[in-house]
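Trainee: So here's my_file.pdb, just PDB, C-alpha atoms:
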```pdb
ATOM      1  CA  MET A  19     -10.163 -36.211 -46.066
ATOM      2  CA  VAL A  20      -7.497 -33.667 -45.166
ATOM      3  CA  HIS A  21      -4.861 -32.853 -47.787
ATOM      4  CA  ALA A  22      -1.227 -32.983 -46.690
ATOM      5  CA  ASP A  23      -0.589 -29.611 -48.394
ATOM      6  CA  PHE A  24      -3.398 -28.063 -46.340
ATOM      7  CA  MET A  25      -1.988 -29.411 -43.067
ATOM      8  CA  SER A  26       1.460 -28.112 -43.973
ATOM      9  CA  CYS A  27       0.011 -24.625 -44.563
ATOM     10  CA  LEU A  28      -1.956 -24.748 -41.300
ATOM     11  CA  TYR A  29       1.133 -25.790 -39.333
ATOM     12  CA  GLU A  30       3.213 -22.996 -40.850
ATOM     13  CA  LEU A  31       0.472 -20.417 -40.179
ATOM     14  CA  VAL A  32       0.215 -21.386 -36.475
ATOM     15  CA  VAL A  33       4.002 -21.362 -35.980
ATOM     16  CA  HIS A  34       4.305 -18.014 -37.768
ATOM     17  CA  LEU A  35       1.475 -16.509 -35.726
ATOM     18  CA  PHE A  36       3.274 -17.072 -32.442
ATOM     19  CA  SER A  37       6.866 -16.605 -33.606
ATOM     20  CA  VAL A  38       6.478 -13.235 -35.380
ATOM     21  CA  PRO A  39       5.215 -10.511 -32.996
ATOM     22  CA  LEU A  40       2.030  -8.588 -33.793
ATOM     23  CA  HIS A  41       1.326  -5.073 -32.581
ATOM     24  CA  GLU A  42       0.231  -5.165 -28.939
ATOM     25  CA  GLU A  43      -3.376  -4.242 -29.743
ATOM     26  CA  LEU A  44      -3.560  -7.127 -32.227
ATOM     27  CA  GLY A  45      -1.809  -9.648 -30.011
ATOM     28  CA  VAL A  46      -3.287 -13.145 -30.128
ATOM     29  CA  VAL A  47      -3.944 -14.339 -26.579
ATOM     30  CA  LYS A  48      -5.369 -17.710 -27.523
ATOM     31  CA  LEU A  49      -5.778 -19.761 -30.689
ATOM     32  CA  GLN A  50      -8.142 -22.701 -30.929
ATOM     33  CA  VAL A  51      -8.167 -24.971 -33.975
ATOM     34  CA  CYS A  52     -11.657 -26.338 -34.532
ATOM     35  CA  SER A  53     -12.268 -29.170 -36.997
ATOM     36  CA  VAL A  54     -15.867 -29.643 -38.155
ATOM     37  CA  LYS A  55     -16.649 -32.434 -40.600
ATOM     38  CA  GLY A  56     -19.800 -32.860 -42.647
ATOM     39  CA  SER A  57     -21.389 -32.677 -46.076
ATOM     40  CA  ILE A  58     -23.883 -29.932 -45.111
ATOM     41  CA  LEU A  59     -21.796 -26.783 -45.400
ATOM     42  CA  PRO A  60     -24.325 -24.352 -43.823
ATOM     43  CA  LYS A  61     -24.417 -26.551 -40.707
ATOM     44  CA  SER A  62     -20.607 -26.773 -40.533
ATOM     45  CA  ARG A  63     -20.193 -22.987 -40.824
ATOM     46  CA  GLU A  64     -22.778 -22.361 -38.103
ATOM     47  CA  GLU A  65     -21.203 -24.962 -35.801
ATOM     48  CA  ILE A  66     -17.836 -23.206 -36.063
ATOM     49  CA  LEU A  67     -19.420 -19.833 -35.238
ATOM     50  CA  LYS A  68     -21.251 -21.424 -32.303
ATOM     51  CA  LYS A  69     -17.950 -22.737 -30.923
ATOM     52  CA  ALA A  70     -16.389 -19.299 -31.410
ATOM     53  CA  GLU A  71     -19.229 -17.632 -29.509
ATOM     54  CA  ALA A  72     -18.828 -20.131 -26.666
ATOM     55  CA  ILE A  73     -15.204 -19.094 -26.042
ATOM     56  CA  ASN A  74     -15.824 -15.370 -26.739
ATOM     57  CA  ALA A  75     -13.522 -15.415 -29.754
ATOM     58  CA  THR A  76     -12.903 -12.075 -31.438
ATOM     59  CA  HIS A  77     -12.354 -13.615 -34.891
ATOM     60  CA  VAL A  78     -13.039 -16.773 -36.837
ATOM     61  CA  LEU A  79     -10.842 -17.891 -39.717
ATOM     62  CA  PHE A  80     -12.539 -20.315 -42.106
ATOM     63  CA  LEU A  81      -9.989 -22.620 -43.776
ATOM     64  CA  ASP A  82     -11.446 -25.358 -45.970
ATOM     65  CA  SER A  83      -9.295 -28.479 -45.953
ATOM     66  CA  ASP A  84      -8.818 -28.460 -49.749
ATOM     67  CA  MET A  85      -7.094 -25.052 -49.782
ATOM     68  CA  THR A  86      -3.470 -23.886 -49.592
ATOM     69  CA  PHE A  87      -2.516 -20.445 -48.290
ATOM     70  CA  PRO A  88       0.464 -18.305 -47.179
ATOM     71  CA  LYS A  89       1.632 -18.432 -43.561
ATOM     72  CA  GLU A  90       1.434 -14.605 -43.259
ATOM     73  CA  LEU A  91      -2.310 -14.619 -43.927
ATOM     74  CA  LEU A  92      -3.486 -13.851 -40.371
ATOM     75  CA  HIS A  93      -0.828 -11.207 -39.743
ATOM     76  CA  ARG A  94      -1.836  -9.315 -42.886
ATOM     77  CA  TRP A  95      -5.584  -9.573 -42.360
ATOM     78  CA  LEU A  96      -5.481  -8.569 -38.699
ATOM     79  CA  TYR A  97      -3.391  -5.529 -39.666
ATOM     80  CA  LEU A  98      -5.856  -4.623 -42.443
ATOM     81  CA  GLY A  99      -8.630  -4.579 -39.855
ATOM     82  CA  TYR A 100     -11.656  -5.229 -42.092
ATOM     83  CA  PRO A 101     -14.732  -6.848 -40.471
ATOM     84  CA  ILE A 102     -14.852  -9.471 -43.236
ATOM     85  CA  VAL A 103     -11.909 -10.243 -45.511
ATOM     86  CA  ALA A 104     -11.462 -13.267 -47.761
ATOM     87  CA  ALA A 105      -9.304 -14.838 -50.408
ATOM     88  CA  ASN A 106     -10.671 -14.724 -53.940
ATOM     89  CA  CYS A 107     -10.473 -18.490 -54.321
ATOM     90  CA  VAL A 108     -10.334 -20.119 -57.747
ATOM     91  CA  LEU A 109     -13.101 -22.524 -58.742
ATOM     92  CA  ARG A 110     -12.020 -26.151 -59.021
ATOM     93  CA  LYS A 111     -13.022 -26.731 -62.634
ATOM     94  CA  ILE A 112     -11.737 -26.311 -66.194
ATOM     95  CA  PRO A 113     -12.135 -23.730 -67.625
ATOM     96  CA  THR A 114     -11.852 -22.055 -64.245
ATOM     97  CA  SER A 115     -12.805 -18.687 -62.804
ATOM     98  CA  THR A 116     -12.910 -16.897 -59.455
ATOM     99  CA  THR A 117     -15.475 -16.949 -56.647
ATOM    100  CA  ALA A 118     -15.602 -13.177 -55.979
ATOM    101  CA  ARG A 119     -18.496 -11.339 -57.617
ATOM    102  CA  VAL A 120     -19.866  -7.801 -57.823
ATOM    103  CA  ILE A 121     -23.626  -7.499 -58.378
ATOM    104  CA  LYS A 122     -25.094  -4.756 -60.557
ATOM    105  CA  ASN A 123     -28.579  -5.298 -59.139
ATOM    106  CA  HIS A 124     -29.139  -7.108 -55.833
ATOM    107  CA  ASP A 125     -32.663  -8.029 -56.947
ATOM    108  CA  ASP A 126     -31.314  -9.873 -59.982
ATOM    109  CA  LEU A 127     -28.384 -12.204 -59.329
ATOM    110  CA  THR A 128     -27.994 -12.826 -63.059
ATOM    111  CA  GLN A 129     -26.474  -9.330 -63.272
ATOM    112  CA  HIS A 130     -23.077 -10.010 -61.734
ATOM    113  CA  PHE A 131     -19.500 -10.185 -62.945
ATOM    114  CA  ALA A 132     -16.377 -11.914 -61.684
ATOM    115  CA  VAL A 133     -13.634 -10.045 -59.841
ATOM    116  CA  ILE A 134     -10.296 -11.183 -61.251
ATOM    117  CA  THR A 135      -7.118 -11.347 -59.182
ATOM    118  CA  THR A 136      -3.988 -10.565 -61.207
ATOM    119  CA  LYS A 137      -0.310 -10.673 -60.333
ATOM    120  CA  ASP A 138      -0.173  -6.881 -60.726
ATOM    121  CA  LYS A 139      -3.008  -6.402 -58.196
ATOM    122  CA  ALA A 140      -1.262  -8.820 -55.845
ATOM    123  CA  ASN A 141       2.089  -7.034 -56.115
ATOM    124  CA  LYS A 142       0.377  -3.718 -55.326
ATOM    125  CA  GLY A 143      -1.407  -5.248 -52.304
ATOM    126  CA  LEU A 144      -4.810  -4.153 -53.583
ATOM    127  CA  VAL A 145      -8.006  -4.926 -51.681
ATOM    128  CA  ASP A 146     -11.448  -4.745 -53.344
ATOM    129  CA  ARG A 147     -14.954  -4.639 -51.920
ATOM    130  CA  VAL A 148     -17.175  -7.401 -53.316
ATOM    131  CA  ASP A 149     -20.742  -8.570 -52.916
ATOM    132  CA  MET A 150     -20.058 -12.300 -52.877
ATOM    133  CA  VAL A 151     -17.021 -14.531 -52.462
ATOM    134  CA  GLY A 152     -16.297 -18.100 -51.466
ATOM    135  CA  THR A 153     -15.992 -18.803 -47.745
ATOM    136  CA  GLY A 154     -13.132 -21.297 -48.184
ATOM    137  CA  ILE A 155     -10.607 -18.820 -46.732
ATOM    138  CA  MET A 156     -12.284 -16.014 -44.837
ATOM    139  CA  LEU A 157     -11.621 -14.030 -41.641
ATOM    140  CA  ILE A 158     -14.739 -12.888 -39.786
ATOM    141  CA  GLU A 159     -14.779 -10.407 -36.920
ATOM    142  CA  MET A 160     -17.402 -11.829 -34.576
ATOM    143  CA  ALA A 161     -18.612  -8.413 -33.406
ATOM    144  CA  ALA A 162     -19.478  -7.489 -37.005
ATOM    145  CA  ILE A 163     -22.025 -10.299 -37.434
ATOM    146  CA  LYS A 164     -23.523 -10.429 -33.925
ATOM    147  CA  ASP A 165     -26.774  -8.790 -35.085
ATOM    148  CA  ILE A 166     -27.282 -11.005 -38.130
ATOM    149  CA  PRO A 167     -29.950 -13.601 -37.292
ATOM    150  CA  LYS A 168     -29.704 -17.253 -38.266
ATOM    151  CA  PRO A 169     -29.598 -18.771 -40.786
ATOM    152  CA  ARG A 170     -26.437 -16.921 -41.798
ATOM    153  CA  PHE A 171     -25.402 -19.466 -44.413
ATOM    154  CA  PRO A 172     -28.598 -20.650 -46.115
ATOM    155  CA  ILE A 173     -28.804 -22.440 -49.455
ATOM    156  CA  THR A 174     -31.765 -21.100 -51.437
ATOM    157  CA  TRP A 175     -33.427 -21.469 -54.830
ATOM    158  CA  ASN A 176     -33.339 -18.444 -57.176
ATOM    159  CA  ASP A 177     -36.013 -18.277 -59.876
ATOM    160  CA  LYS A 178     -34.114 -15.868 -62.150
ATOM    161  CA  LEU A 179     -30.967 -17.980 -62.043
ATOM    162  CA  GLN A 180     -33.000 -21.192 -62.175
ATOM    163  CA  ASP A 181     -30.409 -22.611 -59.837
ATOM    164  CA  TYR A 182     -29.473 -22.915 -56.187
ATOM    165  CA  VAL A 183     -27.572 -20.084 -54.496
ATOM    166  CA  GLY A 184     -24.854 -21.418 -52.199
ATOM    167  CA  GLU A 185     -24.236 -20.565 -48.571
ATOM    168  CA  ASP A 186     -21.286 -18.330 -49.467
ATOM    169  CA  TRP A 187     -23.240 -16.077 -51.858
ATOM    170  CA  ASN A 188     -26.157 -15.843 -49.417
ATOM    171  CA  PHE A 189     -23.786 -14.874 -46.598
ATOM    172  CA  GLY A 190     -22.515 -12.035 -48.789
ATOM    173  CA  LEU A 191     -26.064 -10.891 -49.531
ATOM    174  CA  LEU A 192     -26.861 -10.857 -45.803
ATOM    175  CA  LEU A 193     -23.746  -8.781 -45.103
ATOM    176  CA  ALA A 194     -24.802  -6.265 -47.765
ATOM    177  CA  LYS A 195     -28.306  -6.116 -46.285
ATOM    178  CA  HIS A 196     -26.818  -5.216 -42.889
ATOM    179  CA  GLY A 197     -24.343  -2.725 -44.347
ATOM    180  CA  ILE A 198     -21.231  -4.788 -43.511
ATOM    181  CA  PRO A 199     -18.444  -4.480 -46.118
ATOM    182  CA  MET A 200     -16.785  -7.642 -47.406
ATOM    183  CA  MET A 201     -13.322  -7.390 -48.940
ATOM    184  CA  VAL A 202     -11.053  -9.624 -51.002
ATOM    185  CA  ASP A 203      -7.302  -9.335 -50.607
ATOM    186  CA  HIS A 204      -5.544  -9.859 -53.937
ATOM    187  CA  LYS A 205      -2.106 -10.289 -52.348
ATOM    188  CA  VAL A 206      -3.180 -13.336 -50.353
ATOM    189  CA  SER A 207      -5.505 -14.536 -53.133
ATOM    190  CA  TRP A 208      -2.660 -14.830 -55.655
ATOM    191  CA  GLU A 209      -0.869 -17.270 -53.325
ATOM    192  CA  VAL A 210      -3.945 -19.397 -52.591
ATOM    193  CA  GLY A 211      -4.536 -22.759 -54.250
ATOM    194  CA  HIS A 212      -7.623 -24.978 -54.533
ATOM    195  CA  LEU A 213      -6.640 -28.647 -54.313
ATOM    196  CA  GLY A 214      -8.170 -31.297 -56.553
ATOM    197  CA  GLN A 215      -6.594 -33.508 -59.203
ATOM    198  CA  PHE A 216      -4.106 -30.631 -59.329
ATOM    199  CA  LYS A 217      -3.866 -27.201 -57.676
ATOM    200  CA  HIS A 218      -6.065 -24.504 -59.226
ATOM    201  CA  THR A 219      -4.540 -21.015 -58.919
ATOM    202  CA  HIS A 220      -4.994 -17.515 -60.344
ATOM    203  CA  ALA A 221      -2.071 -18.141 -62.672
ATOM    204  CA  LEU A 222      -4.305 -20.719 -64.361
ATOM    205  CA  VAL A 223      -7.113 -18.151 -64.712
ATOM    206  CA  SER A 224      -4.660 -15.707 -66.338
ATOM    207  CA  LEU A 225      -3.363 -18.413 -68.681
ATOM    208  CA  GLU A 226      -6.893 -19.323 -69.798
ATOM    209  CA  GLN A 227      -7.642 -15.649 -70.472
ATOM    210  CA  GLU A 228      -4.486 -15.331 -72.598
ATOM    211  CA  VAL A 229      -5.379 -18.480 -74.559
ATOM    212  CA  THR A 230      -8.921 -17.204 -75.170
ATOM    213  CA  LYS A 231      -7.553 -13.831 -76.299
ATOM    214  CA  ALA A 232      -5.072 -15.490 -78.670
ATOM    215  CA  GLN A 233      -7.811 -17.716 -80.098
ATOM    216  CA  GLN A 234     -10.048 -14.686 -80.678
ATOM    217  CA  GLN A 235      -7.226 -12.778 -82.399
ATOM    218  CA  ALA A 236      -6.458 -15.761 -84.629
ATOM    219  CA  LYS A 237     -10.143 -16.039 -85.545
ATOM    220  CA  GLU A 238     -10.335 -12.339 -86.427
ATOM    221  CA  GLU A 239      -7.180 -12.609 -88.550
ATOM    222  CA  ARG A 240      -8.574 -15.633 -90.408
ATOM    223  CA  GLU A 241     -11.875 -13.854 -91.029
ATOM    224  CA  GLY A 242     -10.023 -10.733 -92.239
ATOM    225  CA  LEU A 243      -7.867 -12.789 -94.627
ATOM    226  CA  SER A 244     -10.918 -14.607 -95.968
ATOM    227  CA  SER A 245     -12.666 -11.261 -96.576
ATOM    228  CA  LYS A 246      -9.716  -9.918 -98.561
ATOM    229  CA  GLU A 247      -9.525 -13.050-100.733
ATOM    230  CA  ASN A 248     -13.226 -12.764-101.533
TER
END
```
Before we go any further, please render this structure as structure tokens.

Mentor:
Amino acid sequence: MVHADFMSCLYELVVHLFSVPLHEELGVVKLQVCSVKGSILPKSREEILKKAEAINATHVLFLDSDMTFPKELLHRWLYLGYPIVAANCVLRKIPTSTTARVIKNHDDLTQHFAVITTKDKANKGLVDRVDMVGTGIMLIEMAAIKDIPKPRFPITWNDKLQDYVGEDWNFGLLLAKHGIPMMVDHKVSWEVGHLGQFKHTHALVSLEQEVTKAQQQAKEEREGLSSKEN
């Protein structure tokens, strides 16, 4: 299934790409839209890269069909010039969180913390280096990954987590192993949505954090009042 909101974003991105000039060295000579369907995500990702290699593409832009994104996305990311840059997509669940992670110890995936995108970071155009992030919206420079052997998007079992590690996290770990930086762009991330029963955005993450903070403050005030009465 392809969401209408996704197709609208894709149409606007393509029109914008060819109607607003890029610098000559970044000029897009050819754009090919490749649709790969399937329930096995590692296979779908590899098939797209295989098609890109066949036409000698310089970049691949992953766009999952349940995402929304700004039309300026490719202009901004090509100008930034990072080998791998992605949107810090929001998880499609309640309570929600973000997909970007920084790992304290690469030998222990339980030691990681979420990278949060805020409106302030977005307004400042900040970009952060991360260890793992979802591949739902990601620009890959093909030359950067040419020496990474397959499988590039494996799903594996991790004993410490006692859970499966998805293809997106494992791709990030492979990039780190080969010394390739992976960045998240907070400006684009703030405008990205994850489509489900409704659209999950970073504004929702911020709202949940404020609610949790208010609940904690109310709890502390109640406990303080109870202590005084005793």

Trainee: Given the file shown, enumerate the residues that the PyMOL selection byres ((chain A and resi 22) around 12) captures and present them as an MDAnalysis selection string.

Mentor: chainID A and resid 19:21 23:29 83:86 213

Trainee: With only C-alpha atoms as the basis for distance, which of A:Phe189, A:Tyr182, A:Tyr97, A:Phe131 is at the shortest distance from Pro167 in chain A?

Mentor: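 Among the listed residues, A:Phe189 lies closest to Pro167 in chain A.
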
Trainee: Extract, using all atoms listed in the file, all DNA, RNA and protein residues at most 8 Å from Gly152 in chain A, discarding same-chain residues fewer than 6 positions from it, and format them as a list of chain:residue names.

Mentor: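 Contacts, with the query itself left out: A:Ala104, A:Ala105, A:Asn106, A:Cys107, A:Thr117, A:Ala118, A:Asp186, A:Trp187.
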
Trainee: Around range 171-174 of chain A, with edges along x, y and z and 6 Å added on all six sides, what centre and edge lengths do you get, in Å to one decimal, as JSON?

Mentor:
```
{"center_x": -28.6, "center_y": -21.0, "center_z": -47.9, "size_x": 18.4, "size_y": 15.0, "size_z": 19.0}
```

Trainee: Quick one: of A:Leu67, A:Thr114, A:Leu92, A:His196, who's nearest to Leu40 in chain A, counting all atoms listed in the file?

Mentor: A:Leu92

Trainee: List the residues selected by the PyMOL selection byres ((chain A and resi 221) around 10) in the file shown, writing them as a list in words.

Mentor: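 On this input, the PyMOL selection byres ((chain A and resi 221) around 10) captures Val108, Thr135, Thr136, Lys137, Trp208, Glu209, Gly211, His218, Thr219, His220, Leu222, Val223, Ser224, Leu225, Glu226 and Gln227 of chain A.
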
Trainee: For Val148 in chain A, which residue among A:Met201, A:Leu91, A:Ile134, A:Leu193 is the nearest when counting only C-alpha atoms?

Mentor: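 Nearest candidate to Val148 in chain A out of A:Met201, A:Leu91, A:Ile134, A:Leu193: A:Met201.
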
Trainee: If you count only C-alpha atoms, which residues fall within 12 Å of Ala194 in chain A, apart from same-chain ones fewer than 2 positions away, as an NGL selection string?

Mentor: :A and (102 or 120-121 or 124 or 147-150 or 163 or 166 or 187-192 or 196-201)

Trainee: Return the single residue from A:Gly154, A:Pro172, A:Gly184, A:Gly242 that is closest to His212 in chain A, with distances computed using only C-alpha atoms.

Mentor: A:Gly154

Trainee: I'd like to see the residues matched by the PyMOL selection byres ((chain A and resi 77-82) around 7) on this file, and ideally I'd get them as an MDAnalysis selection string.

Mentor: chainID A and resid 70 75:76 83:85 153:160

Trainee: Quick check, in Å to one decimal: how far apart do CA of Lys139 in chain A and CA of His204 in chain A lie?

Mentor: 6.0 Å
